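J.: So I've got this file, coords.tsv, and it contains TSV, C-alpha atoms and all ligand atoms:
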```
chain	number	residue	atom	x	y	z
A	52	MET	CA	-28.19	27.51	-167.24
A	53	ARG	CA	-25.14	25.24	-166.89
A	54	PHE	CA	-24.29	23.32	-163.74
A	55	ASP	CA	-20.88	22.19	-162.52
A	56	ALA	CA	-20.03	18.73	-161.20
A	57	SER	CA	-21.09	19.68	-157.65
A	58	GLY	CA	-24.59	20.64	-158.86
A	59	LYS	CA	-24.02	24.38	-158.45
A	60	VAL	CA	-24.87	26.68	-161.32
A	61	SER	CA	-21.74	27.55	-163.31
A	62	LEU	CA	-20.86	31.24	-162.82
A	63	ASP	CA	-17.40	31.08	-164.40
A	64	HIS	CA	-18.21	33.84	-166.90
A	65	ILE	CA	-18.70	36.42	-164.15
A	66	TYR	CA	-15.19	35.92	-162.73
A	67	THR	CA	-13.32	37.02	-165.84
A	68	ALA	CA	-14.94	40.27	-167.02
A	69	PRO	CA	-12.61	43.31	-167.21
A	70	ASP	CA	-14.45	45.09	-164.38
A	71	PRO	CA	-16.71	44.02	-161.47
A	72	ARG	CA	-20.07	45.01	-162.95
A	73	THR	CA	-21.07	41.59	-164.30
A	74	TYR	CA	-20.03	39.93	-161.03
A	75	PHE	CA	-22.18	42.20	-158.88
A	76	GLN	CA	-25.13	42.40	-161.28
A	77	VAL	CA	-25.40	38.60	-161.52
A	78	LEU	CA	-24.95	37.99	-157.79
A	79	ARG	CA	-27.22	40.78	-156.52
A	80	PRO	CA	-30.52	39.03	-157.36
A	81	LEU	CA	-29.13	35.89	-155.70
A	82	GLY	CA	-28.52	37.84	-152.48
A	83	TYR	CA	-24.83	36.86	-152.35
A	84	ARG	CA	-23.72	38.07	-148.95
A	85	VAL	CA	-21.07	35.87	-147.43
A	86	PRO	CA	-18.24	38.48	-147.61
A	87	GLN	CA	-20.41	40.85	-145.53
A	88	LEU	CA	-21.18	38.15	-142.94
A	89	ALA	CA	-17.51	37.14	-142.90
A	90	LYS	CA	-16.23	40.66	-142.30
A	91	PRO	CA	-16.66	40.87	-138.49
A	92	TRP	CA	-15.03	37.42	-138.10
A	93	PHE	CA	-12.05	38.40	-140.25
A	94	ASP	CA	-11.78	41.75	-138.40
A	95	LYS	CA	-11.74	39.96	-135.05
A	96	LEU	CA	-9.15	37.42	-136.15
A	97	ILE	CA	-6.86	40.08	-137.62
A	98	LYS	CA	-7.14	42.10	-134.39
A	99	GLU	CA	-6.29	39.03	-132.33
A	100	TYR	CA	-3.33	38.26	-134.61
A	101	ARG	CA	-2.06	41.83	-134.35
A	102	GLU	CA	-2.19	41.69	-130.57
A	103	THR	CA	-0.91	38.19	-129.86
A	104	GLU	CA	1.75	38.03	-132.57
A	105	ARG	CA	2.69	41.73	-132.18
A	106	VAL	CA	2.50	42.43	-135.91
A	107	ALA	CA	1.44	46.03	-136.61
A	108	VAL	CA	0.62	45.53	-140.31
A	109	PRO	CA	-0.48	41.92	-140.88
A	110	ARG	CA	-0.21	40.51	-144.38
A	111	VAL	CA	-3.46	38.89	-145.40
A	112	LEU	CA	-3.73	36.49	-148.34
A	113	ASP	CA	-7.24	36.22	-149.80
A	114	ILE	CA	-7.60	33.03	-151.83
A	115	GLY	CA	-10.07	33.37	-154.70
A	116	CYS	CA	-10.13	37.13	-154.05
A	117	SER	CA	-11.87	38.00	-157.34
A	118	TYR	CA	-12.15	41.81	-157.66
A	119	GLY	CA	-10.64	42.34	-154.18
A	120	ILE	CA	-13.99	42.22	-152.41
A	121	ASN	CA	-12.83	41.10	-148.95
A	122	ALA	CA	-9.95	43.61	-149.16
A	123	ALA	CA	-12.36	46.46	-149.97
A	124	LEU	CA	-14.65	45.47	-147.08
A	125	LEU	CA	-11.85	45.08	-144.55
A	126	LYS	CA	-9.57	47.95	-145.56
A	127	TYR	CA	-12.12	50.61	-146.46
A	128	ASP	CA	-15.08	49.55	-144.36
A	129	ILE	CA	-17.35	49.50	-147.39
A	130	THR	CA	-20.38	47.17	-147.37
A	131	MET	CA	-21.63	44.63	-149.91
A	132	ASP	CA	-24.76	46.78	-150.37
A	133	GLU	CA	-22.55	49.74	-151.27
A	134	LEU	CA	-20.59	47.57	-153.72
A	135	TYR	CA	-23.83	46.33	-155.32
A	136	ALA	CA	-24.93	49.96	-155.78
A	137	ARG	CA	-21.47	50.99	-156.98
A	138	TYR	CA	-21.37	48.51	-159.84
A	139	ASP	CA	-25.07	48.43	-160.76
A	140	GLY	CA	-24.50	49.95	-164.21
A	141	THR	CA	-25.71	53.46	-163.38
A	142	GLY	CA	-22.20	54.79	-162.59
A	143	PRO	CA	-19.23	55.38	-164.90
A	144	ALA	CA	-19.68	53.62	-168.23
A	145	THR	CA	-16.10	52.49	-168.77
A	146	ARG	CA	-13.54	50.40	-166.91
A	147	ALA	CA	-11.29	53.48	-166.71
A	148	GLY	CA	-14.10	55.52	-165.18
A	149	LEU	CA	-14.91	52.82	-162.62
A	150	LEU	CA	-11.24	52.49	-161.73
A	151	ALA	CA	-10.82	56.22	-161.25
A	152	ARG	CA	-13.77	56.22	-158.84
A	153	ASP	CA	-12.40	53.20	-156.93
A	154	GLN	CA	-8.94	54.76	-156.76
A	155	ASP	CA	-10.56	57.80	-155.12
A	156	LEU	CA	-12.15	55.48	-152.59
A	157	SER	CA	-8.94	53.67	-151.73
A	158	ARG	CA	-6.98	56.94	-151.48
A	159	SER	CA	-9.56	58.73	-149.38
A	160	ARG	CA	-10.45	56.01	-146.87
A	161	SER	CA	-7.25	54.92	-145.20
A	162	PRO	CA	-7.73	51.85	-143.02
A	163	ALA	CA	-7.93	52.47	-139.26
A	164	HIS	CA	-5.13	49.92	-138.82
A	165	GLY	CA	-2.46	48.96	-141.31
A	166	LEU	CA	-3.22	45.90	-143.41
A	167	ARG	CA	-1.55	44.52	-146.52
A	168	PHE	CA	-3.67	42.45	-148.85
A	169	THR	CA	-2.42	39.93	-151.38
A	170	GLY	CA	-4.97	38.33	-153.67
A	171	LEU	CA	-4.58	34.90	-155.23
A	172	ASP	CA	-6.93	34.09	-158.10
A	173	ALA	CA	-7.06	32.25	-161.40
A	174	SER	CA	-8.64	35.29	-163.11
A	175	THR	CA	-6.13	37.80	-164.53
A	176	SER	CA	-8.79	40.41	-165.23
A	177	ALA	CA	-10.24	40.36	-161.69
A	178	LEU	CA	-6.76	40.60	-160.16
A	179	ALA	CA	-5.73	43.42	-162.49
A	180	TYR	CA	-8.84	45.41	-161.59
A	181	ALA	CA	-8.39	44.91	-157.84
A	182	ARG	CA	-4.71	45.88	-157.99
A	183	GLU	CA	-5.28	48.98	-160.12
A	184	ALA	CA	-8.20	50.05	-157.91
A	185	GLY	CA	-5.85	49.94	-154.92
A	186	PHE	CA	-7.86	47.24	-153.11
A	187	LEU	CA	-5.00	44.72	-153.35
A	188	ASP	CA	-1.35	45.50	-152.59
A	189	ASP	CA	-0.02	42.39	-154.35
A	190	THR	CA	-1.43	39.71	-156.60
A	191	VAL	CA	-0.64	36.13	-157.47
A	192	HIS	CA	-2.20	34.90	-160.68
A	193	ALA	CA	-2.03	31.13	-160.36
A	194	ASP	CA	-3.96	27.90	-160.25
A	195	LEU	CA	-2.21	26.14	-157.37
A	196	GLU	CA	-4.60	23.21	-157.78
A	197	THR	CA	-2.53	22.15	-160.77
A	198	ASP	CA	0.83	23.92	-160.53
A	199	ASP	CA	3.50	24.68	-157.97
A	200	PRO	CA	4.06	28.40	-157.49
A	201	THR	CA	6.89	29.87	-159.55
A	202	PRO	CA	9.82	31.28	-157.53
A	203	GLU	CA	8.35	34.77	-158.00
A	204	GLN	CA	4.88	33.67	-156.84
A	205	ARG	CA	6.47	31.87	-153.88
A	206	ALA	CA	8.25	35.06	-152.88
A	207	THR	CA	4.93	36.99	-152.98
A	208	LEU	CA	3.14	34.30	-150.96
A	209	ALA	CA	5.96	34.15	-148.36
A	210	ASP	CA	5.53	35.95	-145.03
A	211	THR	CA	1.74	35.69	-145.08
A	212	ASP	CA	0.27	36.22	-141.61
A	213	LEU	CA	-3.34	35.23	-142.29
A	214	VAL	CA	-5.04	33.29	-145.08
A	215	ILE	CA	-8.74	33.94	-145.67
A	216	SER	CA	-11.35	32.91	-148.22
A	217	THR	CA	-15.04	33.29	-149.00
A	218	GLY	CA	-16.84	31.30	-151.67
A	219	CYS	CA	-13.66	29.66	-152.86
A	220	ILE	CA	-13.13	26.29	-151.13
A	221	GLY	CA	-14.66	23.82	-153.55
A	222	TYR	CA	-12.94	25.55	-156.45
A	223	VAL	CA	-9.71	25.22	-154.46
A	224	THR	CA	-8.81	22.37	-152.16
A	225	GLU	CA	-6.08	21.23	-149.81
A	226	ARG	CA	-3.73	21.21	-152.82
A	227	THR	CA	-3.75	25.01	-153.02
A	228	LEU	CA	-3.61	25.50	-149.24
A	229	THR	CA	-0.70	23.08	-148.87
A	230	ARG	CA	1.26	24.93	-151.56
A	231	VAL	CA	0.55	28.25	-149.85
A	232	VAL	CA	1.80	26.90	-146.50
A	233	ARG	CA	4.89	25.37	-148.11
A	234	ALA	CA	5.77	28.83	-149.48
A	235	GLN	CA	6.15	30.11	-145.88
A	236	ASP	CA	9.38	28.27	-145.03
A	237	GLY	CA	8.04	26.72	-141.84
A	238	ARG	CA	5.76	29.49	-140.51
A	239	LEU	CA	2.06	28.64	-140.20
A	240	PRO	CA	-0.23	31.57	-141.10
A	241	TRP	CA	-3.59	31.61	-139.34
A	242	MET	CA	-6.49	30.64	-141.59
A	243	ALA	CA	-10.21	31.39	-141.78
A	244	HIS	CA	-12.28	29.84	-144.54
A	245	PHE	CA	-16.02	30.24	-145.16
A	246	VAL	CA	-16.99	26.99	-146.86
A	247	LEU	CA	-20.33	25.92	-148.30
A	248	ARG	CA	-21.82	23.08	-146.24
A	249	MET	CA	-22.12	21.07	-149.46
A	250	PHE	CA	-18.31	20.78	-149.65
A	251	PRO	CA	-16.67	18.37	-147.20
A	252	PHE	CA	-13.90	20.15	-145.26
A	253	GLY	CA	-12.44	16.87	-143.89
A	254	PRO	CA	-9.72	16.49	-146.56
A	255	VAL	CA	-8.60	20.11	-146.03
A	256	GLU	CA	-8.61	19.69	-142.26
A	257	ASP	CA	-6.57	16.47	-142.49
A	258	ALA	CA	-4.00	18.05	-144.83
A	259	LEU	CA	-3.68	21.08	-142.55
A	260	ALA	CA	-3.32	18.81	-139.49
A	261	GLY	CA	-0.42	17.11	-141.31
A	262	LEU	CA	1.22	20.53	-141.59
A	263	GLY	CA	0.75	21.23	-137.85
A	264	TYR	CA	-2.63	23.01	-137.72
A	265	ARG	CA	-5.56	22.56	-135.37
A	266	THR	CA	-8.94	23.37	-136.95
A	267	VAL	CA	-12.18	24.35	-135.23
A	268	ARG	CA	-15.54	24.86	-136.86
A	269	VAL	CA	-17.63	27.76	-135.60
A	270	ASP	CA	-21.15	26.60	-134.63
A	271	GLU	CA	-22.99	29.33	-136.56
A	272	VAL	CA	-24.10	28.90	-140.18
A	273	PHE	CA	-23.95	31.76	-142.69
A	274	LYS	CA	-26.25	32.48	-145.64
A	275	GLN	CA	-24.16	32.54	-148.80
A	276	ARG	CA	-26.74	33.10	-151.55
A	277	ARG	CA	-30.11	31.95	-152.81
A	278	PHE	CA	-30.30	29.03	-155.19
A	279	ALA	CA	-30.32	30.28	-158.78
A	280	ASP	CA	-33.35	28.11	-159.60
A	281	PRO	CA	-35.19	24.98	-158.39
A	282	ARG	CA	-32.99	22.72	-160.53
A	283	GLU	CA	-29.80	23.94	-158.82
A	284	GLN	CA	-31.45	23.40	-155.45
A	285	ARG	CA	-32.47	19.85	-156.40
A	286	LEU	CA	-28.96	18.97	-157.64
A	287	VAL	CA	-27.29	20.42	-154.54
A	288	LEU	CA	-29.77	18.71	-152.18
A	289	ASP	CA	-29.06	15.42	-153.97
A	290	SER	CA	-25.31	15.77	-153.56
A	291	MET	CA	-25.73	16.77	-149.90
A	292	ALA	CA	-27.95	13.75	-149.28
A	293	GLU	CA	-25.29	11.51	-150.84
A	294	ALA	CA	-22.70	13.04	-148.51
A	295	ASP	CA	-25.07	12.52	-145.53
A	296	VAL	CA	-25.42	16.23	-144.78
A	297	ASP	CA	-28.82	17.14	-143.31
A	298	ALA	CA	-30.28	20.07	-145.29
A	299	SER	CA	-33.52	20.37	-143.32
A	300	GLY	CA	-34.27	23.88	-142.10
A	301	LEU	CA	-31.37	25.23	-144.18
A	302	GLU	CA	-30.68	24.47	-147.89
A	303	GLU	CA	-34.14	22.90	-148.19
A	304	ASP	CA	-35.57	26.37	-147.58
A	305	GLY	CA	-33.86	27.99	-150.57
A	306	TRP	CA	-30.43	29.29	-149.49
A	307	LEU	CA	-26.93	27.90	-149.75
A	308	TYR	CA	-25.19	28.04	-146.35
A	309	ALA	CA	-21.52	28.27	-145.41
A	310	GLN	CA	-19.63	27.39	-142.27
A	311	LEU	CA	-16.51	29.00	-140.86
A	312	TYR	CA	-13.38	26.93	-140.23
A	313	LEU	CA	-10.52	28.46	-138.24
A	314	SER	CA	-7.14	26.77	-138.54
A	315	ARG	CA	-4.20	27.83	-136.41
A	316	PRO	CA	-0.97	26.40	-135.09
A	317	PRO	CA	-1.49	25.02	-131.56
A	318	GLN	CA	-1.03	27.67	-128.82
A	319	ARG	CA	2.60	28.03	-127.85
B	1	LIG	C1	-17.38	32.56	-155.93
B	1	LIG	S1	-15.99	33.51	-156.37
B	1	LIG	C2	-15.62	34.20	-154.77
B	1	LIG	C3	-15.04	35.56	-154.87
B	1	LIG	C4	-14.90	36.33	-153.56
B	1	LIG	N1	-14.04	35.64	-152.63
B	1	LIG	C5	-16.25	36.58	-152.95
B	1	LIG	O1	-16.59	35.95	-151.95
B	1	LIG	O2	-16.99	37.42	-153.48
B	1	LIG	C6	-14.72	32.27	-156.60
B	1	LIG	C7	-13.36	32.84	-157.04
B	1	LIG	O3	-12.43	31.74	-157.06
B	1	LIG	C8	-11.60	31.89	-158.20
B	1	LIG	N2	-11.02	30.59	-158.52
B	1	LIG	C9	-11.62	29.51	-159.08
B	1	LIG	N3	-10.76	28.50	-159.21
B	1	LIG	C10	-9.58	28.93	-158.69
B	1	LIG	C11	-8.29	28.34	-158.52
B	1	LIG	N4	-8.05	27.09	-158.89
B	1	LIG	N5	-7.31	29.08	-157.94
B	1	LIG	C12	-7.55	30.37	-157.56
B	1	LIG	N6	-8.75	30.98	-157.69
B	1	LIG	C13	-9.74	30.26	-158.25
B	1	LIG	C14	-12.52	32.46	-159.27
B	1	LIG	O4	-11.77	33.08	-160.32
B	1	LIG	C15	-13.34	33.43	-158.43
B	1	LIG	O5	-12.75	34.70	-158.42
```
Would you mind giving the structure from this file in structure tokens?
Ligand SMILES: C[S@@+](CC[C@H](N)C(=O)[O-])C[C@H]1O[C@@H](n2cnc3c(N)ncnc32)[C@H](O)[C@@H]1O

T.:
Amino acid sequence: MRFDASGKVSLDHIYTAPDPRTYFQVLRPLGYRVPQLAKPWFDKLIKEYRETERVAVPRVLDIGCSYGINAALLKYDITMDELYARYDGTGPATRAGLLARDQDLSRSRSPAHGLRFTGLDASTSALAYAREAGFLDDTVHADLETDDPTPEQRATLADTDLVISTGCIGYVTERTLTRVVRAQDGRLPWMAHFVLRMFPFGPVEDALAGLGYRTVRVDEVFKQRRFADPREQRLVLDSMAEADVDASGLEEDGWLYAQLYLSRPPQR
């Protein structure tokens, strides 16, 4: 097993397969569940946005969207358990077969309310799958940690109403979020990010404050996944101790936990 600089096990290989099977088969035994726990919060925020901003079909940007998982949950009301079963290797044997089945799903389950989903990710294969399956309406293949968006990417990012993420802050930082906000020509999309407690959110919060946002952290904590093995747990606990984050009763007991940060422009 390889570990990244933060101490987490490196799962990079599961983000780039041509279809979602590796992703779900590797994460299932780890109990990865944060998109499911995030769903009611995202639903609530989108509803609130629709009502207060009077936007019938909000445009949601999912940063680090992978195979369009949050989009599938929110648009088609599917669950993580159903996705784990769907991609467990017992279904269609080919990418084309899996896609045909997912296209049936996205055609047959129209969302109760209109929603447009754009996915931003560094993985071409994950984005291509999510777009072809019909989970995502638009995609931006970019690493905005290192590069400014191209004019075409900027145009796709423009007019975003809400920015969401699960399991992605840490890979992406305030650099990506700032570039996304700068693509809006002055508008400030609402944001909701589920962030592992091991990653300090202060630098993101400060950068967003500089752009005009106010951020609140929801009190609850959310199970993200189990540690892959005792060594990963040890490394993560060490880095949390260095950052002065108390892991007792939480990460010490075997699970990585996330917190939810909501960033919005101040009420007008
Ligand atoms: C842990 S996965 C989370 C996927 C999905 N949001 C979920 O919760 O199931 C992290 C995702 O971030 C993407 N990623 C990593 N670095 C990135 C970057 N610099 N810009 C955009 N996406 C990135 C990876 O390709 C991967 O799809």

J.: Taking all atoms of ligand LIG 1 (chain B) that the file lists and extending 3 Å past them on each side, where is the centre of the axis-aligned box and how long are its edges? Answer in Å to one decimal, as lines of an AutoDock Vina configuration file.

T.:
```
center_x = -12.3
center_y = 32.3
center_z = -156.1
size_x = 16.1
size_y = 16.3
size_z = 14.4
```

J.: Name the closest residue to ligand LIG 1 (chain B) among the candidates A:Leu156, A:Val106, A:Leu171, A:Val231; distances are taken between atoms, counting only C-alpha atoms and all ligand atoms.

T.: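 Of A:Leu156, A:Val106, A:Leu171, A:Val231, the one nearest ligand LIG 1 (chain B) is A:Leu171, counting only C-alpha atoms and all ligand atoms.
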
J.: Near Asp257 in chain A, within 10 Å and counting all atoms listed in the file, which residues show up once chain neighbours fewer than 6 positions away are dropped, as a list in words?

T.: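 With the cut-off at 10 Å, the set is Glu225, Gly263, Tyr264, Arg265 and Thr266 of chain A.
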
J.: How many Å separate CA of Ser57 in chain A from CA of Arg79 in chain A?

T.: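 Taking CA of Ser57 in chain A as the start and CA of Arg79 in chain A as the end point, the length is 22.0 Å.
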
J.: How close does each residue of chain A get to ligand LIG 1 (chain B), giving the shortest atom pair and distance in Å to one decimal for every residue with an atom at most 8 Å away, counting all atoms listed in the file, sorted by chain and residue number, as a Markdown table?

T.:
```
| residue | atom | partner | partner_atom | distance |
| --- | --- | --- | --- | --- |
| A:Leu62 | CA | B:LIG1 | C1 | 7.8 |
| A:Asp63 | CA | B:LIG1 | C14 | 7.2 |
| A:Tyr66 | CA | B:LIG1 | O4 | 5.1 |
| A:Thr67 | CA | B:LIG1 | O4 | 7.0 |
| A:Tyr83 | CA | B:LIG1 | O2 | 7.9 |
| A:Val85 | CA | B:LIG1 | O1 | 6.4 |
| A:Pro86 | CA | B:LIG1 | O1 | 5.3 |
| A:Asp113 | CA | B:LIG1 | N1 | 7.4 |
| A:Ile114 | CA | B:LIG1 | N6 | 6.3 |
| A:Gly115 | CA | B:LIG1 | O3 | 3.7 |
| A:Cys116 | CA | B:LIG1 | N1 | 4.4 |
| A:Ser117 | CA | B:LIG1 | O5 | 3.6 |
| A:Tyr118 | CA | B:LIG1 | O5 | 7.2 |
| A:Gly119 | CA | B:LIG1 | C4 | 7.4 |
| A:Ile120 | CA | B:LIG1 | O2 | 5.8 |
| A:Asn121 | CA | B:LIG1 | N1 | 6.7 |
| A:Leu171 | CA | B:LIG1 | C12 | 5.9 |
| A:Asp172 | CA | B:LIG1 | N6 | 3.6 |
| A:Ala173 | CA | B:LIG1 | N6 | 4.3 |
| A:Ser174 | CA | B:LIG1 | O4 | 4.7 |
| A:Ala177 | CA | B:LIG1 | O5 | 7.0 |
| A:His192 | CA | B:LIG1 | C12 | 7.7 |
| A:Ala193 | CA | B:LIG1 | N5 | 6.2 |
| A:Asp194 | CA | B:LIG1 | N5 | 4.2 |
| A:Leu195 | CA | B:LIG1 | N5 | 5.9 |
| A:Glu196 | CA | B:LIG1 | N4 | 5.3 |
| A:Thr197 | CA | B:LIG1 | N4 | 7.6 |
| A:Ser216 | CA | B:LIG1 | N1 | 5.8 |
| A:Thr217 | CA | B:LIG1 | O1 | 4.3 |
| A:Gly218 | CA | B:LIG1 | C2 | 4.4 |
| A:Cys219 | CA | B:LIG1 | C6 | 4.7 |
| A:Tyr222 | CA | B:LIG1 | N3 | 4.6 |
| A:Val223 | CA | B:LIG1 | N4 | 5.1 |
| A:Thr227 | CA | B:LIG1 | N5 | 7.3 |
```

J.: Near Lys126 in chain A, within 8 Å and counting only C-alpha atoms, which residues show up once chain neighbours fewer than 4 positions away are dropped, as a list in words?

T.: Ala122, Ser161, Pro162, Ala163, Leu166 and Phe186 of chain A

J.: Could you work out how far CA of Tyr308 in chain A lies from CA of Arg276 in chain A, giving the answer in Å with one decimal?

T.: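 CA of Arg276 in chain A sits 7.4 Å away from CA of Tyr308 in chain A.
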
J.: Using all atoms listed in the file, pick whichever of A:Arg53, A:Arg268, A:Arg205, A:Arg230 has the shortest atom-to-atom distance to His244 in chain A.

T.: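 Counting all atoms listed in the file, the residue closest to His244 in chain A is A:Arg268.
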